[in-house]
>>> print(open('upload39.cif').read())   # mmCIF, C-alpha atoms and all ligand atoms
data_final
loop_
_atom_site.label_atom_id
_atom_site.label_comp_id
_atom_site.auth_asym_id
_atom_site.auth_seq_id
_atom_site.Cartn_x
_atom_site.Cartn_y
_atom_site.Cartn_z
CA MET T 1 -62.43 -41.26 32.70
CA GLN T 2 -63.90 -39.91 35.92
CA VAL T 3 -61.98 -37.40 38.03
CA PHE T 4 -62.66 -37.16 41.79
CA GLU T 5 -61.36 -34.51 44.15
CA ARG T 6 -63.36 -35.56 47.21
CA ALA T 7 -62.42 -38.69 49.15
CA GLY T 8 -65.98 -39.45 50.30
CA LEU T 9 -67.38 -39.41 46.77
CA LEU T 10 -64.60 -41.67 45.50
CA THR T 11 -65.10 -44.17 48.36
CA SER T 12 -68.87 -44.37 47.61
CA PHE T 13 -68.13 -44.91 43.92
CA ILE T 14 -65.62 -47.71 44.72
CA GLU T 15 -67.94 -49.40 47.22
CA ASN T 16 -70.58 -49.50 44.53
CA GLN T 17 -68.12 -51.09 42.09
CA LYS T 18 -67.10 -53.66 44.67
CA LYS T 19 -70.75 -54.64 45.23
CA GLN T 20 -70.67 -55.66 41.58
CA ASN T 21 -67.61 -57.81 42.33
CA HIS T 22 -65.28 -55.54 40.36
CA SER T 23 -61.61 -55.69 41.35
CA VAL T 24 -59.86 -52.35 41.81
CA GLY T 25 -56.23 -51.68 40.81
CA PHE T 26 -54.59 -48.59 42.32
CA VAL T 27 -51.55 -46.67 41.11
CA PRO T 28 -50.56 -43.87 43.52
CA THR T 29 -48.40 -41.15 41.93
CA MET T 30 -47.17 -37.64 42.57
CA GLY T 31 -47.89 -36.67 38.93
CA ALA T 32 -45.40 -35.49 36.29
CA LEU T 33 -46.14 -38.85 34.74
CA HIS T 34 -43.67 -40.68 32.51
CA ARG T 35 -43.50 -44.05 30.77
CA GLY T 36 -42.68 -45.74 34.12
CA HIS T 37 -46.01 -44.64 35.63
CA LEU T 38 -47.88 -45.55 32.47
CA SER T 39 -46.48 -49.07 32.54
CA LEU T 40 -47.76 -49.40 36.12
CA VAL T 41 -51.18 -48.30 34.82
CA LYS T 42 -51.01 -50.88 31.99
CA HIS T 43 -49.97 -53.57 34.49
CA ALA T 44 -52.96 -52.64 36.70
CA LEU T 45 -55.36 -52.56 33.73
CA ARG T 46 -54.37 -56.12 32.78
CA GLU T 47 -55.15 -57.48 36.25
CA ASN T 48 -58.24 -55.52 37.40
CA ASP T 49 -61.72 -54.53 36.28
CA LEU T 50 -61.16 -50.90 37.21
CA VAL T 51 -58.02 -48.77 37.64
CA VAL T 52 -57.69 -45.73 39.91
CA VAL T 53 -54.66 -43.42 39.65
CA SER T 54 -54.03 -40.75 42.28
CA ILE T 55 -52.06 -37.58 41.60
CA PHE T 56 -50.96 -35.94 44.83
CA VAL T 57 -47.66 -34.25 45.68
CA ASN T 58 -47.48 -35.42 49.27
CA PRO T 59 -46.03 -32.64 51.48
CA THR T 60 -45.15 -34.91 54.43
CA GLN T 61 -42.63 -36.99 52.47
CA PHE T 62 -40.44 -34.01 51.54
CA ASN T 63 -37.79 -33.30 54.15
CA ASN T 64 -36.76 -30.21 52.21
CA ALA T 65 -39.17 -27.33 51.50
CA ALA T 66 -37.33 -26.26 48.33
CA ASP T 67 -37.59 -29.80 46.92
CA LEU T 68 -41.36 -29.79 47.55
CA GLN T 69 -41.70 -26.41 45.89
CA LYS T 70 -39.76 -27.31 42.75
CA TYR T 71 -41.40 -30.73 42.32
CA PRO T 72 -42.91 -30.68 38.79
CA ARG T 73 -46.70 -30.21 38.69
CA VAL T 74 -48.43 -30.65 35.32
CA PRO T 75 -51.96 -31.97 36.06
CA GLU T 76 -53.40 -31.15 32.63
CA VAL T 77 -50.65 -33.09 30.82
CA ASP T 78 -51.04 -35.96 33.31
CA LEU T 79 -54.81 -36.14 32.79
CA LYS T 80 -54.33 -36.29 29.02
CA LEU T 81 -51.81 -39.14 29.35
CA LEU T 82 -54.09 -41.05 31.71
CA ARG T 83 -57.09 -40.62 29.42
CA GLU T 84 -55.03 -41.98 26.51
CA ALA T 85 -53.93 -44.92 28.69
CA GLN T 86 -57.64 -45.79 29.31
CA THR T 87 -57.51 -45.11 33.04
CA ASP T 88 -60.98 -45.41 34.59
CA VAL T 89 -60.65 -43.07 37.56
CA VAL T 90 -58.28 -40.29 38.65
CA PHE T 91 -58.14 -39.05 42.23
CA LEU T 92 -56.78 -35.51 42.40
CA PRO T 93 -57.39 -34.35 45.97
CA PRO T 94 -56.48 -30.97 47.47
CA VAL T 95 -54.09 -31.17 50.45
CA LYS T 96 -56.93 -30.49 52.96
CA GLU T 97 -58.77 -33.58 51.78
CA ILE T 98 -55.88 -35.87 52.76
CA TYR T 99 -54.63 -33.84 55.74
CA PRO T 100 -57.73 -32.23 57.31
CA ASN T 101 -55.88 -31.76 60.63
CA GLY T 102 -52.60 -30.36 59.32
CA THR T 103 -49.80 -31.82 57.21
CA GLN T 104 -48.29 -34.19 59.73
CA SER T 105 -47.16 -37.78 59.42
CA GLU T 106 -48.50 -40.54 61.61
CA GLU T 107 -46.00 -42.54 63.71
CA ILE T 108 -45.92 -45.96 62.11
CA ASP T 109 -43.49 -48.69 63.19
CA LEU T 110 -41.33 -49.37 60.13
CA ASN T 111 -39.48 -52.26 61.78
CA GLY T 112 -36.08 -50.68 61.04
CA LEU T 113 -36.63 -50.83 57.27
CA ASP T 114 -35.94 -47.09 57.15
CA ARG T 115 -32.64 -47.30 59.03
CA HIS T 116 -30.40 -47.08 55.96
CA MET T 117 -30.29 -45.56 52.48
CA GLU T 118 -33.21 -43.18 51.81
CA GLY T 119 -34.34 -43.35 55.44
CA GLN T 120 -30.89 -42.26 56.60
CA PHE T 121 -30.44 -39.45 54.10
CA ARG T 122 -34.06 -38.21 54.03
CA PRO T 123 -35.24 -38.23 57.68
CA GLY T 124 -39.02 -38.50 58.01
CA HIS T 125 -39.47 -39.32 54.33
CA PHE T 126 -40.89 -42.82 54.80
CA GLN T 127 -43.22 -41.83 57.64
CA GLY T 128 -44.71 -39.36 55.14
CA VAL T 129 -44.94 -42.02 52.44
CA VAL T 130 -46.68 -44.64 54.62
CA THR T 131 -49.00 -42.01 56.10
CA VAL T 132 -50.29 -40.97 52.69
CA VAL T 133 -50.39 -44.51 51.25
CA LYS T 134 -52.37 -45.77 54.27
CA ARG T 135 -54.85 -42.90 53.86
CA PHE T 136 -55.17 -43.63 50.14
CA PHE T 137 -55.74 -47.34 50.81
CA ASN T 138 -58.55 -46.42 53.21
CA ILE T 139 -60.17 -44.14 50.63
CA VAL T 140 -59.63 -46.20 47.46
CA LYS T 141 -59.96 -49.65 49.08
CA PRO T 142 -57.99 -51.26 46.24
CA THR T 143 -57.80 -54.98 45.58
CA ARG T 144 -54.21 -54.49 44.35
CA ALA T 145 -51.78 -51.55 44.48
CA TYR T 146 -48.82 -51.12 42.11
CA PHE T 147 -45.35 -49.79 42.94
CA GLY T 148 -42.14 -49.58 40.89
CA GLU T 149 -38.93 -51.30 42.02
CA LYS T 150 -36.93 -48.12 41.40
CA ASP T 151 -38.14 -47.14 44.87
CA TYR T 152 -37.37 -50.60 46.24
CA GLN T 153 -37.02 -49.49 49.86
CA GLN T 154 -40.39 -47.72 49.61
CA LEU T 155 -41.91 -50.91 48.17
CA GLN T 156 -40.66 -53.03 51.10
CA ILE T 157 -41.80 -50.44 53.64
CA ILE T 158 -45.28 -50.29 52.08
CA ARG T 159 -45.49 -54.11 52.13
CA HIS T 160 -44.61 -54.00 55.84
CA MET T 161 -47.13 -51.22 56.65
CA THR T 162 -49.89 -53.08 54.77
CA GLN T 163 -49.25 -56.25 56.83
CA LEU T 164 -48.85 -54.37 60.11
CA HIS T 165 -52.21 -52.63 59.72
CA LYS T 166 -53.85 -55.73 58.20
CA LEU T 167 -54.96 -53.76 55.16
CA ASN T 168 -56.52 -56.11 52.69
CA VAL T 169 -54.46 -54.96 49.67
CA GLU T 170 -52.16 -57.04 47.47
CA ILE T 171 -48.94 -55.13 46.82
CA VAL T 172 -47.69 -55.72 43.27
CA SER T 173 -44.17 -54.71 42.22
CA HIS T 174 -43.09 -53.66 38.75
CA PRO T 175 -39.50 -53.73 37.38
CA VAL T 176 -37.51 -50.51 36.93
CA GLU T 177 -38.32 -48.83 33.61
CA ARG T 178 -35.27 -47.33 31.89
CA GLY T 179 -34.68 -44.69 29.23
CA PRO T 180 -31.93 -44.61 26.59
CA GLY T 181 -28.54 -45.22 28.20
CA GLY T 182 -30.19 -47.16 31.03
CA LEU T 183 -31.18 -44.16 33.18
CA ALA T 184 -34.04 -45.22 35.50
CA LEU T 185 -37.16 -43.20 34.62
CA SER T 186 -38.06 -40.61 37.24
CA SER T 187 -40.04 -37.36 37.28
CA ARG T 188 -36.84 -35.72 38.55
CA ASN T 189 -35.06 -36.52 35.27
CA GLU T 190 -36.90 -33.57 33.73
CA LEU T 191 -34.86 -31.29 36.00
CA MET T 192 -31.64 -32.33 34.13
CA SER T 193 -30.24 -31.10 30.81
CA LEU T 194 -29.95 -33.55 27.91
CA GLN T 195 -26.22 -33.89 28.54
CA GLN T 196 -26.73 -34.49 32.27
CA LYS T 197 -29.26 -37.21 31.48
CA GLU T 198 -26.76 -38.89 29.19
CA GLU T 199 -24.02 -38.70 31.82
CA ALA T 200 -26.40 -39.99 34.51
CA GLY T 201 -26.60 -43.23 32.51
CA PHE T 202 -23.32 -43.93 34.34
CA ILE T 203 -25.34 -45.10 37.36
CA HIS T 204 -26.84 -47.99 35.42
CA LYS T 205 -23.45 -48.85 33.90
CA ALA T 206 -21.98 -49.02 37.41
CA LEU T 207 -24.83 -51.28 38.56
CA GLN T 208 -24.32 -53.57 35.56
CA TRP T 209 -20.57 -53.67 36.22
CA ALA T 210 -21.33 -54.74 39.80
CA GLN T 211 -23.74 -57.45 38.66
CA LYS T 212 -20.97 -58.89 36.50
CA ASN T 213 -18.07 -58.55 38.94
CA TYR T 214 -19.44 -58.77 42.49
CA ARG T 215 -17.96 -62.26 43.01
CA ASP T 216 -14.43 -60.75 43.01
CA PHE T 217 -15.23 -58.75 46.17
CA ASN T 218 -17.00 -58.95 49.51
CA PRO T 219 -19.92 -56.47 49.87
CA ARG T 220 -17.81 -53.79 51.58
CA GLN T 221 -15.05 -54.05 48.96
CA LEU T 222 -17.65 -53.84 46.20
CA GLN T 223 -19.00 -50.62 47.73
CA GLU T 224 -15.45 -49.19 47.88
CA ALA T 225 -14.79 -50.19 44.25
CA LEU T 226 -18.00 -48.41 43.22
CA LYS T 227 -16.99 -45.30 45.16
CA ALA T 228 -13.72 -45.21 43.25
CA ARG T 229 -15.56 -45.57 39.92
CA PHE T 230 -17.91 -42.69 40.78
CA GLU T 231 -14.97 -40.44 41.63
CA LYS T 232 -14.04 -40.56 37.94
CA SER T 233 -17.56 -39.53 36.84
CA ASN T 234 -19.54 -36.28 36.92
CA LEU T 235 -21.87 -37.70 39.56
CA LYS T 236 -21.51 -37.23 43.30
CA LEU T 237 -22.14 -40.56 45.01
CA GLU T 238 -24.20 -40.38 48.21
CA TYR T 239 -24.22 -44.10 48.94
CA ALA T 240 -23.60 -47.47 47.32
CA LEU T 241 -24.90 -50.18 49.61
CA VAL T 242 -25.31 -53.94 49.31
CA SER T 243 -28.28 -55.09 51.37
CA ASP T 244 -30.45 -58.05 52.23
CA PRO T 245 -33.42 -57.66 49.81
CA GLU T 246 -35.95 -58.35 52.60
CA SER T 247 -34.65 -56.77 55.80
CA LEU T 248 -32.67 -54.09 53.87
CA GLU T 249 -29.84 -54.51 56.40
CA PRO T 250 -26.33 -54.04 54.90
CA LEU T 251 -24.59 -57.35 54.12
CA GLU T 252 -21.12 -58.14 55.45
CA GLU T 253 -20.76 -61.25 53.31
CA TRP T 254 -22.56 -62.95 50.43
CA SER T 255 -25.33 -65.35 51.43
CA GLN T 256 -27.02 -67.51 48.79
CA LYS T 257 -30.00 -67.86 51.13
CA LYS T 258 -30.60 -64.14 51.54
CA GLY T 259 -29.64 -62.94 48.05
CA ALA T 260 -28.27 -59.42 47.67
CA ARG T 261 -29.41 -56.14 46.20
CA LEU T 262 -27.27 -53.13 45.36
CA PHE T 263 -28.62 -49.63 46.00
CA ILE T 264 -27.16 -46.35 44.76
CA ALA T 265 -28.01 -42.69 45.34
CA ALA T 266 -26.04 -40.01 43.51
CA TYR T 267 -26.33 -36.36 42.56
CA MET T 268 -26.12 -35.07 39.02
CA GLY T 269 -25.75 -31.34 39.70
CA GLU T 270 -28.65 -30.51 42.01
CA VAL T 271 -30.72 -33.54 41.04
CA ARG T 272 -30.71 -36.54 43.34
CA LEU T 273 -31.10 -39.89 41.60
CA ILE T 274 -31.63 -43.39 42.99
CA ASP T 275 -31.41 -46.82 41.38
CA ASN T 276 -30.95 -50.47 42.39
CA VAL T 277 -30.48 -53.96 40.95
CA PRO T 278 -30.48 -57.51 42.28
CA LEU T 279 -26.97 -59.00 42.34
CA PHE T 280 -28.27 -62.55 42.69
O1 LIG P 1 -43.53 -43.16 44.71
C1 LIG P 1 -44.22 -42.12 44.77
O2 LIG P 1 -44.48 -41.45 43.77
C2 LIG P 1 -44.74 -41.66 46.12
O3 LIG P 1 -43.83 -41.92 47.14
C3 LIG P 1 -46.13 -42.23 46.46
C4 LIG P 1 -46.08 -43.74 46.60
C5 LIG P 1 -47.12 -41.86 45.36
C6 LIG P 1 -46.62 -41.66 47.79
O4 LIG P 1 -46.74 -40.27 47.73
#
>>> encode(input="upload39.cif", output="structure tokens", more="lines below")
Ligand code: PAF
Amino acid sequence: MQVFERAGLLTSFIENQKKQNHSVGFVPTMGALHRGHLSLVKHALRENDLVVVSIFVNPTQFNNAADLQKYPRVPEVDLKLLREAQTDVVFLPPVKEIYPNGTQSEEIDLNGLDRHMEGQFRPGHFQGVVTVVKRFFNIVKPTRAYFGEKDYQQLQIIRHMTQLHKLNVEIVSHPVERGPGGLALSSRNELMSLQQKEEAGFIHKALQWAQKNYRDFNPRQLQEALKARFEKSNLKLEYALVSDPESLEPLEEWSQKKGARLFIAAYMGEVRLIDNVPLF
């Protein structure tokens, strides 16, 4: 496994690989790797000749300085896991390498995809995400890039940015990976106690309940019913929203043509968790 810290050296290495007609799979991460990341790596390894994983805690996507500071950083553990997973290349750049002119996001038109949910509650977050992903795509020049559906809104926004800037990268999605009790895997889970993790499994139970019962409600009523269920739990619900899976606009009524996806964000203590499922 080769580890690069410098963008220029990595780009030269990749260009050389591409001259040999090797396809390049890319898995961008912020480290603190778990089984969810490793299944993205496995997915990429199956479909490409070479897999690059980046580890970079991107400052511009944190709208809260304390959150950035407490984000788990364990590069040595991550490198060991990636070596065991047979990753070919790791990109571990210092902040200056990605943001030589200061840690500021670019202004990228997100076509309103950031109007609701994470975009509403974490202002500036998605501008930071697309800024860093665009820079990574320019450095790594991947054939395919892999993103988990747990961050479904991020996935749609990255698809849009890739098309808008005509970046020649295929965006591949991967289903949500879950732990015992159905809790969606996330690096933030490590900030919860064992009991909190168990109780946070309630989010998945609520999503499953909605998948089974949504026909008894319209989207707004379903959201209200979910709110009432969360009031009886130890989680503090931030939003439960039924949206069009493509435009991410909230749905007023069910539409077989559009389909529907349910998104939830909730706090367990100080830890903010997100999850989502297709309803149909
Ligand atoms: O999903 C993440 O871990 C991050 O948002 C990403 C895509 C690596 C960009 O920093």
>>> residues_near_ligand(input="upload39.cif", ligand="ligand LIG 1 (chain P)", cutoff="6 Å", atoms="all atoms listed in the file", output="PDB file with C-alpha atoms, in the coordinates of the input")
ATOM      1  CA  PRO T  28     -50.560 -43.870  43.520  1.00  0.00           C
ATOM      2  CA  THR T  29     -48.400 -41.150  41.930  1.00  0.00           C
ATOM      3  CA  MET T  30     -47.170 -37.640  42.570  1.00  0.00           C
ATOM      4  CA  ASN T  58     -47.480 -35.420  49.270  1.00  0.00           C
ATOM      5  CA  VAL T 129     -44.940 -42.020  52.440  1.00  0.00           C
ATOM      6  CA  VAL T 133     -50.390 -44.510  51.250  1.00  0.00           C
TER       7      VAL T 133
END
>>> residues_around(input="upload39.cif", residues="region 72-88 of chain T", least_positions_apart="2", cutoff="9 Å", atoms="only C-alpha atoms", output="PyMOL selection string")
chain T and resi 1-3+30-34+38+41-42+45+50-53+55+57+68-70+90+92+187-188+190-191
>>> atom_distance(input="upload39.cif", atom1="CA of Thr103 (chain T)", atom2="CA of Tyr146 (chain T)")
24.5 Å
>>> residues_around(input="upload39.cif", residues="region 15-23 of chain T", least_positions_apart="4", cutoff="12 Å", atoms="all atoms listed in the file", output="ChimeraX atom specification")
/T:8-11,44-52,88-89,138-145,169-170
>>> closest_residue(input="upload39.cif", among="T:Gln127, T:Ser243, T:Ser255, T:Gln208", to="Leu226 (chain T)", atoms="all atoms listed in the file")
T:Gln208
>>> residues_near_point(input="upload39.cif", point="(-35.0, -56.3, 55.9)", cutoff="12 Å", atoms="all atoms listed in the file", output="list of chain:residue names")
T:Leu110, T:Asn111, T:Gly112, T:Leu113, T:Asp114, T:Arg115, T:His116, T:Tyr152, T:Gln153, T:Gln154, T:Leu155, T:Gln156, T:Ile157, T:Arg159, T:His160, T:Val242, T:Ser243, T:Asp244, T:Pro245, T:Glu246, T:Ser247, T:Leu248, T:Glu249, T:Pro250, T:Leu251, T:Lys258, T:Gly259, T:Ala260, T:Arg261
>>> closest_residue(input="upload39.cif", among="T:Phe230, T:Phe137, T:Phe202, T:Tyr267", to="Gly25 (chain T)", atoms="only C-alpha atoms")
T:Phe137
>>> residues_near_point(input="upload39.cif", point="(-19.0, -63.0, 47.4)", cutoff="10 Å", atoms="all atoms listed in the file", output="PyMOL selection string")
chain T and resi 213-219+221-222+252-256+260
>>> atom_distance(input="upload39.cif", atom1="CA of Gln223 (chain T)", atom2="CA of Ala240 (chain T)")
5.6 Å
